[in-house]
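Visitor: Dumping the structure here so I can ask a few things about it.
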Amino acid sequence: MDFSLLIQYVAVLIKEVWRRKFLCLFGFALASFSVLFIGGFWPSTFQTSATIFADNQNILKPLLEKQAAQSKVQNQTKVVRDMMHSPRILKKVVESAYSTDSYESAEELGHIINRLRSKIKITGVGQNYIKVSYSDSTSEKAYRVINSVIDVFIKISSDEQRSESREAFLFIDNQVNQYKDQLVQAEVRLKNFRADNFDGRDGDVDASISRLRTQIEELKIDIDEDKVTSGALKEQLSGESEYSSKQAGTDIYVERLATLEQQKTTLLLTYTDDYPDVVSLTYQIADVKKAIRDASESKEGESNKNADENSVLNPLYQELRSRLSLVQTEIQAKEKRLIAFKRLKTKEFDRRRRIAERGAEESELTRDYTVTKRIYEDMLERKEKARLSMTLNIEGQGVTYRIQEPALPPLNPVGLRFLHFVLVAPFIGLFSVLGFALLYISLDPRVRFPSKLVGLNVSTLSVIPHVNTSLTKRVIRFDMVICVLLMGLIMAAYVGLAYVLKLGMI
Amino acid sequence: MNDSQGFQSSKKNTFKNGVVEVKSAPSSEIGRMGEVDRFSKDELDRLKIISGSMQNSKILNIFRELRTQLLNKNRKKNFVCMVTSISQGGGASYVASNLAAVFALDKTKTSLLIDANLYAPGLDKLIIGDSESGITDYLSDNSLDIKDVVYATGVPRLRVIPIGENREAAAEYFSSNKMQNFIDEIRTRYSDRYVFIDSPPILDSSEARILSEIVDVVILIVGHGCVTKEQVESAVQIIEKDKLAGLVYNN
C-alpha cells in the first residue's frame with residue numbers, strides 16, 4: 001500500500017518535472033551555480049593544534065609539607081583554558097601575532113580577543129596532557145597564532161611559577177624571622193630569669209644540705225670526743241701536785257757538765273790544752289760549774305727566806321693544764337662551728353623552697369625556648385629549600401608547562417572546501433528541484449491521484465493511463481535530446497565556472 | 001435504412017480517398033451503413049484511437065471495461081452519453097472518441113460521436129475528407145437533414161457529427177426543441193446505435209449543462225492535475241444523480 005503510493009508519487013513527480021522540464025533545468029542550474037558561487041567565496045579554515053604537558057607539581061607542596069594544609073590541585077584543563085582565554089594572555093597574543101597597530105580602540109581589541117577566544121579550543125587528552133587547537137583563514141596565520149598562544153602562555157605561567165616560588169620563599173623567610181625574634185625573646189627571658197635566681201638547682205641544694213648534715217654529725221662526734229678528753233685531763237690534773245723538789249733544777253747542769261767533760265777528755269786524747277776547741281770546752285765547763293754553784297747559792301738563800309718553799313713547779317702538772325686548756329678551746333671553737341653549720345642548713349632549706357617555687361616558671365620558659373628553637377631550625381632548613389627552588393625556577397629548570405607536541409603549519413584546510421562545493425552543488429541543484437516539485441505537488445490542491453476521488457458520492461469508473469502516440473514519442477525523444485544538450489551545456493558552464501573560481505582563489 | 005443510405009449519399013462526392021457507396025441492400029441495418037477507407041494503424045495511433053489490433057491491450061481493456069460498465073448501467077439498451085470534463089484540458093474528446101470506438105468494435109453495435117465542444121472542437125480529424133456542416137448548422141438550418149451532417153470515419157461502424165460553423169448561439173440551439181427531437185430521433189432510430197456527445201467542460205460552459213439535461217448518461221472526466229476536489233464535487237452536484245454514470249480519471 002505504502003509502496004504503491006510511493007510509486008504513484010514518484011510517477012507524478014517525474015511527470016510534473018517533465019512537464020516543466022525547462023523551468024526545472026533552469027532551477028537546477030540556478031541552484032548549482034548559487035552553491036558553486038557560495039563555495040567560491042566560502043572562507044577556508046586551517047586548523048592546527050599543539051599538545052602541552054602540565055607538570056602537576058606545586059612548589060609549595062614539598063616546602064610546606066606537614067607544616068601547612070595544601071589546597072587541592074584543580075583540573076588542569078580548566079586551569080589552562082581559563083588562563084588561555086584570559087584577556088591578559090590574549091592581549092599579548094594579539095600584540096605578538098598581529099602587529100600592535102592592528103587595532104585602534106579598546107573596543108576593537110575586545111572584538112579581536114573575543115574572536116581569538118572563540119577559535120582557541122582547549123581539550124584535555126589524558127592525564128595532564130592538554131591539546132590546544134586553533135583555526136584561521138590561512139595556514140600561516142593559524143600557525144603563527146597558535147605558536148604565539150603557546151609561547152605567551154608558557155612564558156606567563158613560568159613567570160607566575162617564579163613569582164609563586166619567590167612568594168613562597170619570602171613567606172618562609174618572613175616566618176623564619178618571626179621565629180628568630182621569638183627565639184631571641186625566649187632566650188632573653190630565660191637569661192633574665194636565671195640572672196635573677198642564684199639559688200641554683202634542686203640537685204645543688206640537696207647536695208649542699210647533705211654535705212652540711214654530714215659535717216654537723218662529724219662535728220658533734222668531735223665535740224663529744226673533746227669533752228671526754230677534757231674530763232680525763234681534769235681528772236689527771238686533780239691527781240698531780242702543782243710543785244716538785246728544787247734538786248731537780250741543778251741536775252741538768254751536772255749532766256751537762258759530765259757531757260762537756262767527756263767531750264774535753266776525748267779531744268785531749270788528740271789535741272793539747274791550747275787547742276781552740278779544748279779551750280772553748282774548758283770555758284764552757286767553767287761556766288757550767290759556775291752555774292751549779294750559783295744555783296746552790298741561790299737555793300740556800302731562798303731556804304733561808306722561806307723554809308717551806310723548798311720545792312719547784314711540777315712539769316707534768318703544767319703539761320696537763322696546758323692540754324686541758326687546749327681541748328677546752330677546741331670544744332668552744334667546734335661548738336661555734338656547729339651553730340654556723342646549722343644556720344647554713346636552715347638557709348639551704350629556704351633556698352630549696354625558693355627553687356621549688358620558681359621551678360614551674362623556669363620550665364615554662366625553657367619549654368618555650370626549646371619549642372621555638374626547634375621550629376626555627378626547621379624553618380631555617382625549609383628556607384634553604386625554598387631558596388633552592390626559587391633559584392631553580394629563575395634558571396628555568398622547574399617550569400610546570402612544557403610543549404609535548406609542537407604545532408605544525410596545517411597543509412590542508414579543514415571543514416568545507418571548494419572541491420566539496422563543486423561536487424555537492426549539482427546534487428543540491430537536483431534535490432532542490434525535486435524538493436520544489438514535491439512541495440508543489442503536496443501544496444497544489446488539484447487532484448493528481450485517483451485515490452483522492454474516493455471520498456465523493458460518485459464512483460470512479462475507470463482510470464485511463466497516459467497514452468503516447470508515435471508522434472508524441474518522437475517529440476519526447478526530441479525534448480530529451482534537447483534536455484541532455486542543455487544539461488551538458490549547463491555542466492560545461494558549471495565546470496568552467498568552477499575552474500575560473502578555483503583560479504581566482506589561487 | 002433509407003436514412004442510413006442518406007447519411008452517405010450527401011457525402012459521397014466529398015470523400016477524397018474514393019467513395020465506397022453501399023448501393024446494395026445488406027442484410028442488416030449495420031451492414032447497410034456505408035463504409036469508407038479504414039484508418040491505418042499509424043493513423044489510429046496518431047489520432048489516439050483504439051482498435052482491436054492495437055498493441056497496447058491495456059488501454060483497450062480499460063475502455064472495454066468502461067463499455068461494460070455503461071452497458072450494465074443502462075441494462076444493455078442503447079443510450080445517449082455525454083462525455084464532459086470538469087474543466088479545460090480534461091481530455092473529454094479523447095475519452096468520448098475512444099468510447100465511441102470501443103462500442104464500434106462490437107460488430108453488432110454502431111456508435112455516433114457528436115462534437116458539441118464549441119470551444120475546442122476536434123473530432124473533424126476522424127472524418128476522412130472535409131466536413132461541410134455539423135450539428136450547429138443542422139440546428140440552425142431547417143433545410144439540412146440529419147443525414148447531411150453525419151459523416152463516416154476511418155473507424156468501422158463509427159460516425160461523426162462535427163460541430164459545424166454556426167457556433168455563436170449554440171446554447172440556444174442546444175436548448176431548443178429541435179435538439180431534443182434530434183437526440184430522440186438518433187437514439188430511437190437504431191437500437192444498436194450508441195451516441196456519444198463530446199461536450200465542453202461542465203464548469204466552464206452553460207452548453208454542457210443544457211446538454212446534460214437531454215442526454216441519458218453523463219460521464220465526468222477528471223483530468224490529471226486539472227481540477228481540485230471541490231471542483232469535482234460541484235460538477236457532480238450540477239448533474240442529475242441518475243444520469244451520472246461516474247468519474248473517469250484521465251492521466
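Letters A, B, ... go to the chains of the C-alpha cells in the order shown; residues in each chain start at 1; ligands are counted from 1 in the same order.
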For the structure I just gave you, how does DSSP split segment 29-158 of chain A - specifically, which residues are strand (DSSP E)? Reply as an mmCIF file with all heavy atoms, in the first residue's frame.

Guide:
```cif
data_model
loop_
_atom_site.group_PDB
_atom_site.id
_atom_site.type_symbol
_atom_site.label_atom_id
_atom_site.label_comp_id
_atom_site.auth_asym_id
_atom_site.auth_seq_id
_atom_site.Cartn_x
_atom_site.Cartn_y
_atom_site.Cartn_z
ATOM 1 N N PHE A 46 41.900 26.750 8.255
ATOM 2 C CA PHE A 46 43.063 25.914 8.533
ATOM 3 C C PHE A 46 43.146 25.705 10.030
ATOM 4 O O PHE A 46 43.065 26.659 10.794
ATOM 5 C CB PHE A 46 44.339 26.587 8.039
ATOM 6 C CG PHE A 46 44.444 26.601 6.549
ATOM 7 C CD1 PHE A 46 43.853 27.618 5.807
ATOM 8 C CD2 PHE A 46 45.115 25.592 5.882
ATOM 9 C CE1 PHE A 46 43.927 27.628 4.440
ATOM 10 C CE2 PHE A 46 45.196 25.603 4.512
ATOM 11 C CZ PHE A 46 44.596 26.619 3.786
ATOM 12 N N GLN A 47 43.306 24.464 10.400
ATOM 13 C CA GLN A 47 43.358 24.187 11.835
ATOM 14 C C GLN A 47 44.689 23.537 12.187
ATOM 15 O O GLN A 47 45.202 22.702 11.445
ATOM 16 C CB GLN A 47 42.212 23.250 12.229
ATOM 17 C CG GLN A 47 42.055 23.193 13.724
ATOM 18 C CD GLN A 47 40.911 22.303 14.132
ATOM 19 O OE1 GLN A 47 40.743 21.234 13.571
ATOM 20 N NE2 GLN A 47 40.144 22.721 15.110
ATOM 21 N N THR A 48 45.232 23.949 13.300
ATOM 22 C CA THR A 48 46.462 23.346 13.787
ATOM 23 C C THR A 48 46.339 23.172 15.285
ATOM 24 O O THR A 48 45.550 23.849 15.931
ATOM 25 C CB THR A 48 47.679 24.197 13.420
ATOM 26 O OG1 THR A 48 48.834 23.545 13.915
ATOM 27 C CG2 THR A 48 47.609 25.591 13.985
ATOM 28 N N SER A 49 47.110 22.247 15.804
ATOM 29 C CA SER A 49 46.997 22.020 17.241
ATOM 30 C C SER A 49 48.349 21.654 17.831
ATOM 31 O O SER A 49 49.241 21.175 17.120
ATOM 32 C CB SER A 49 45.979 20.917 17.512
ATOM 33 O OG SER A 49 46.460 19.714 16.994
ATOM 34 N N ALA A 50 48.477 21.907 19.113
ATOM 35 C CA ALA A 50 49.692 21.560 19.836
ATOM 36 C C ALA A 50 49.269 20.933 21.149
ATOM 37 O O ALA A 50 48.199 21.217 21.661
ATOM 38 C CB ALA A 50 50.527 22.795 20.088
ATOM 39 N N THR A 51 50.127 20.056 21.664
ATOM 40 C CA THR A 51 49.820 19.436 22.952
ATOM 41 C C THR A 51 50.833 19.918 23.976
ATOM 42 O O THR A 51 52.037 19.926 23.702
ATOM 43 C CB THR A 51 49.888 17.912 22.825
ATOM 44 O OG1 THR A 51 49.086 17.525 21.728
ATOM 45 C CG2 THR A 51 49.385 17.248 24.079
ATOM 46 N N ILE A 52 50.325 20.333 25.116
ATOM 47 C CA ILE A 52 51.249 20.727 26.173
ATOM 48 C C ILE A 52 51.071 19.800 27.354
ATOM 49 O O ILE A 52 49.996 19.264 27.590
ATOM 50 C CB ILE A 52 51.063 22.203 26.603
ATOM 51 C CG1 ILE A 52 49.638 22.479 27.002
ATOM 52 C CG2 ILE A 52 51.508 23.140 25.534
ATOM 53 C CD1 ILE A 52 49.424 23.866 27.507
ATOM 54 N N PHE A 53 52.185 19.611 28.054
ATOM 55 C CA PHE A 53 52.177 18.722 29.213
ATOM 56 C C PHE A 53 52.194 19.577 30.469
ATOM 57 O O PHE A 53 53.019 20.481 30.610
ATOM 58 C CB PHE A 53 53.391 17.819 29.174
ATOM 59 C CG PHE A 53 53.512 16.932 30.385
ATOM 60 C CD1 PHE A 53 52.627 15.889 30.582
ATOM 61 C CD2 PHE A 53 54.492 17.164 31.330
ATOM 62 C CE1 PHE A 53 52.735 15.084 31.695
ATOM 63 C CE2 PHE A 53 54.606 16.364 32.447
ATOM 64 C CZ PHE A 53 53.724 15.318 32.633
ATOM 65 N N ALA A 54 51.273 19.298 31.342
ATOM 66 C CA ALA A 54 51.192 20.075 32.571
ATOM 67 C C ALA A 54 51.797 19.260 33.707
ATOM 68 O O ALA A 54 51.262 18.237 34.089
ATOM 69 C CB ALA A 54 49.747 20.403 32.874
ATOM 70 N N ILE A 120 40.089 29.445 19.775
ATOM 71 C CA ILE A 120 41.051 28.616 20.510
ATOM 72 C C ILE A 120 40.270 27.578 21.300
ATOM 73 O O ILE A 120 39.457 27.910 22.142
ATOM 74 C CB ILE A 120 41.904 29.471 21.465
ATOM 75 C CG1 ILE A 120 42.733 30.466 20.670
ATOM 76 C CG2 ILE A 120 42.824 28.589 22.297
ATOM 77 C CD1 ILE A 120 43.471 31.455 21.527
ATOM 78 N N LYS A 121 40.557 26.314 20.979
ATOM 79 C CA LYS A 121 39.846 25.232 21.671
ATOM 80 C C LYS A 121 40.843 24.472 22.531
ATOM 81 O O LYS A 121 41.910 24.082 22.059
ATOM 82 C CB LYS A 121 39.222 24.275 20.652
ATOM 83 C CG LYS A 121 38.229 24.955 19.739
ATOM 84 C CD LYS A 121 36.817 24.821 20.285
ATOM 85 C CE LYS A 121 35.817 25.509 19.390
ATOM 86 N NZ LYS A 121 35.918 26.970 19.390
ATOM 87 N N ILE A 122 40.477 24.269 23.789
ATOM 88 C CA ILE A 122 41.366 23.551 24.695
ATOM 89 C C ILE A 122 40.650 22.303 25.183
ATOM 90 O O ILE A 122 39.571 22.388 25.747
ATOM 91 C CB ILE A 122 41.783 24.436 25.874
ATOM 92 C CG1 ILE A 122 42.690 25.548 25.368
ATOM 93 C CG2 ILE A 122 42.538 23.634 26.908
ATOM 94 C CD1 ILE A 122 42.187 26.894 25.609
ATOM 95 N N THR A 123 41.273 21.153 24.928
ATOM 96 C CA THR A 123 40.655 19.910 25.366
ATOM 97 C C THR A 123 41.700 19.080 26.107
ATOM 98 O O THR A 123 42.874 19.094 25.747
ATOM 99 C CB THR A 123 40.137 19.093 24.174
ATOM 100 O OG1 THR A 123 41.150 19.103 23.170
ATOM 101 C CG2 THR A 123 38.875 19.662 23.599
ATOM 102 N N GLY A 124 41.248 18.372 27.113
ATOM 103 C CA GLY A 124 42.146 17.511 27.859
ATOM 104 C C GLY A 124 42.261 16.177 27.151
ATOM 105 O O GLY A 124 41.263 15.586 26.762
ATOM 106 N N TYR A 129 47.765 15.948 29.913
ATOM 107 C CA TYR A 129 48.068 16.388 28.554
ATOM 108 C C TYR A 129 46.912 17.237 28.048
ATOM 109 O O TYR A 129 45.756 16.836 28.146
ATOM 110 C CB TYR A 129 48.290 15.199 27.621
ATOM 111 C CG TYR A 129 49.586 14.494 27.900
ATOM 112 C CD1 TYR A 129 49.637 13.424 28.772
ATOM 113 C CD2 TYR A 129 50.767 14.932 27.310
ATOM 114 C CE1 TYR A 129 50.830 12.791 29.060
ATOM 115 C CE2 TYR A 129 51.967 14.301 27.576
ATOM 116 C CZ TYR A 129 51.993 13.232 28.455
ATOM 117 O OH TYR A 129 53.179 12.615 28.726
ATOM 118 N N ILE A 130 47.248 18.397 27.522
ATOM 119 C CA ILE A 130 46.208 19.324 27.098
ATOM 120 C C ILE A 130 46.463 19.701 25.644
ATOM 121 O O ILE A 130 47.577 20.090 25.283
ATOM 122 C CB ILE A 130 46.206 20.572 27.996
ATOM 123 C CG1 ILE A 130 45.808 20.181 29.403
ATOM 124 C CG2 ILE A 130 45.245 21.606 27.473
ATOM 125 C CD1 ILE A 130 46.615 20.825 30.448
ATOM 126 N N LYS A 131 45.404 19.540 24.852
ATOM 127 C CA LYS A 131 45.534 19.848 23.426
ATOM 128 C C LYS A 131 44.933 21.220 23.166
ATOM 129 O O LYS A 131 43.815 21.503 23.576
ATOM 130 C CB LYS A 131 44.788 18.784 22.623
ATOM 131 C CG LYS A 131 45.019 18.900 21.142
ATOM 132 C CD LYS A 131 44.306 17.774 20.422
ATOM 133 C CE LYS A 131 44.464 17.917 18.933
ATOM 134 N NZ LYS A 131 43.731 16.895 18.219
ATOM 135 N N VAL A 132 45.699 22.027 22.476
ATOM 136 C CA VAL A 132 45.250 23.369 22.141
ATOM 137 C C VAL A 132 45.102 23.438 20.629
ATOM 138 O O VAL A 132 46.056 23.169 19.901
ATOM 139 C CB VAL A 132 46.262 24.428 22.616
ATOM 140 C CG1 VAL A 132 45.742 25.819 22.335
ATOM 141 C CG2 VAL A 132 46.556 24.258 24.082
ATOM 142 N N SER A 133 43.889 23.737 20.163
ATOM 143 C CA SER A 133 43.652 23.822 18.721
ATOM 144 C C SER A 133 43.267 25.238 18.354
ATOM 145 O O SER A 133 42.630 25.943 19.136
ATOM 146 C CB SER A 133 42.516 22.897 18.300
ATOM 147 O OG SER A 133 42.710 21.638 18.834
ATOM 148 N N TYR A 134 43.639 25.600 17.141
ATOM 149 C CA TYR A 134 43.277 26.930 16.670
ATOM 150 C C TYR A 134 43.022 26.853 15.174
ATOM 151 O O TYR A 134 43.706 26.126 14.453
ATOM 152 C CB TYR A 134 44.409 27.909 16.974
ATOM 153 C CG TYR A 134 44.146 29.285 16.420
ATOM 154 C CD1 TYR A 134 43.242 30.133 17.061
ATOM 155 C CD2 TYR A 134 44.757 29.717 15.254
ATOM 156 C CE1 TYR A 134 42.975 31.377 16.541
ATOM 157 C CE2 TYR A 134 44.489 30.965 14.736
ATOM 158 C CZ TYR A 134 43.600 31.794 15.386
ATOM 159 O OH TYR A 134 43.319 33.022 14.883
ATOM 160 N N SER A 135 42.022 27.573 14.728
ATOM 161 C CA SER A 135 41.745 27.585 13.292
ATOM 162 C C SER A 135 41.635 29.021 12.791
ATOM 163 O O SER A 135 41.123 29.894 13.499
ATOM 164 C CB SER A 135 40.462 26.815 12.996
ATOM 165 O OG SER A 135 39.470 27.190 13.896
ATOM 166 N N ASP A 136 42.142 29.203 11.584
ATOM 167 C CA ASP A 136 42.108 30.545 10.993
ATOM 168 C C ASP A 136 41.980 30.414 9.482
ATOM 169 O O ASP A 136 41.976 29.310 8.942
ATOM 170 C CB ASP A 136 43.384 31.307 11.383
ATOM 171 C CG ASP A 136 43.115 32.806 11.472
ATOM 172 O OD1 ASP A 136 42.307 33.302 10.651
ATOM 173 O OD2 ASP A 136 43.692 33.459 12.345
#
```

Visitor: Up to 6 Å from chain A, what residues of chain B turn up? Count only C-alpha atoms and give them as JSON, numbers by chain.

Guide: {"B": [45, 46, 224, 225, 227, 228, 246, 247, 248, 249, 250, 251]}

Visitor: Of the residues B:Ala171, B:Leu60, B:Ile86, B:Ile135, which is the one nearest to Glu233 of chain B, using only C-alpha atoms?

Guide: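 Residue with the minimum atom-to-atom distance to Glu233 of chain B: B:Ile86.
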
Visitor: With distances taken over only C-alpha atoms, which residue among B:Ser176, B:Ser97, B:Thr108, B:Ser191 lies nearest Glu207 of chain B?

Guide: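 Looking only at the distances to Glu207 of chain B, the closest residue turns out to be B:Ser176.
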
Visitor: Show me, as a ChimeraX atom specification, the residues that have an atom within 10 Å of Lys383 of chain A when counting only C-alpha atoms, minus same-chain residues fewer than 3 positions from it.

Guide: /A:63,168-176,377-380,386-389

Visitor: Set the distance at 12 Å and use only C-alpha atoms: which residues neighbour Ile156 of chain A once local chain neighbours fewer than 2 positions away are removed? I'd like the list as a VMD selection string.

Guide: chain A and resid 80 83 to 84 86 88 to 90 92 to 93 148 to 154 158 to 164 399 to 401

Visitor: One decimal, Å: what's the distance from atom CA of Asn117 of chain B over to atom CA of Leu158 of chain B, could you say?

Guide: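 Value for the atom CA of Asn117 of chain B-atom CA of Leu158 of chain B distance: 18.1 Å.
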
Visitor: Record the distance separating atom CA of Asp368 of chain A and atom CA of Leu183 of chain A, expressed in Å with one decimal.

Guide: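 Rounded to one decimal, the two atoms are 8.4 Å apart.
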
Visitor: Taking only segment 38-209 of chain B into account, list the residues labelled alpha helix (DSSP H) by DSSP (computed from the backbone), as a VMD selection string.

Guide: chain B and resid 41 to 47 57 to 73 92 to 105 135 to 140 146 to 149 170 to 174 177 to 189 206 to 209

Visitor: Would you please work out which residue, of A:Glu335, A:Asp274, A:Glu240, A:Glu95, is nearest to Leu320 of chain A when using only C-alpha atoms?

Guide: A:Glu240

Visitor: Atom CA of Tyr94 of chain B and atom CA of Arg159 of chain B, how far apart in Å?

Guide: 15.3 Å

Visitor: As JSON, numbers by chain, please: the residues near segment 62-69 of chain B (cut-off 7 Å, only C-alpha atoms, same-chain neighbours under 3 positions excluded).

Guide: {"A": [461, 462, 464], "B": [58, 59, 72, 73, 99, 102, 103]}

Visitor: Using only C-alpha atoms, which protein or nucleic acid residues come within 9 Å of Asn78 of chain B? Drop anything in the same chain fewer than 6 positions from it, and give the result as an MDAnalysis selection string.

Guide: chainID B and resid 71 187:188 190:195
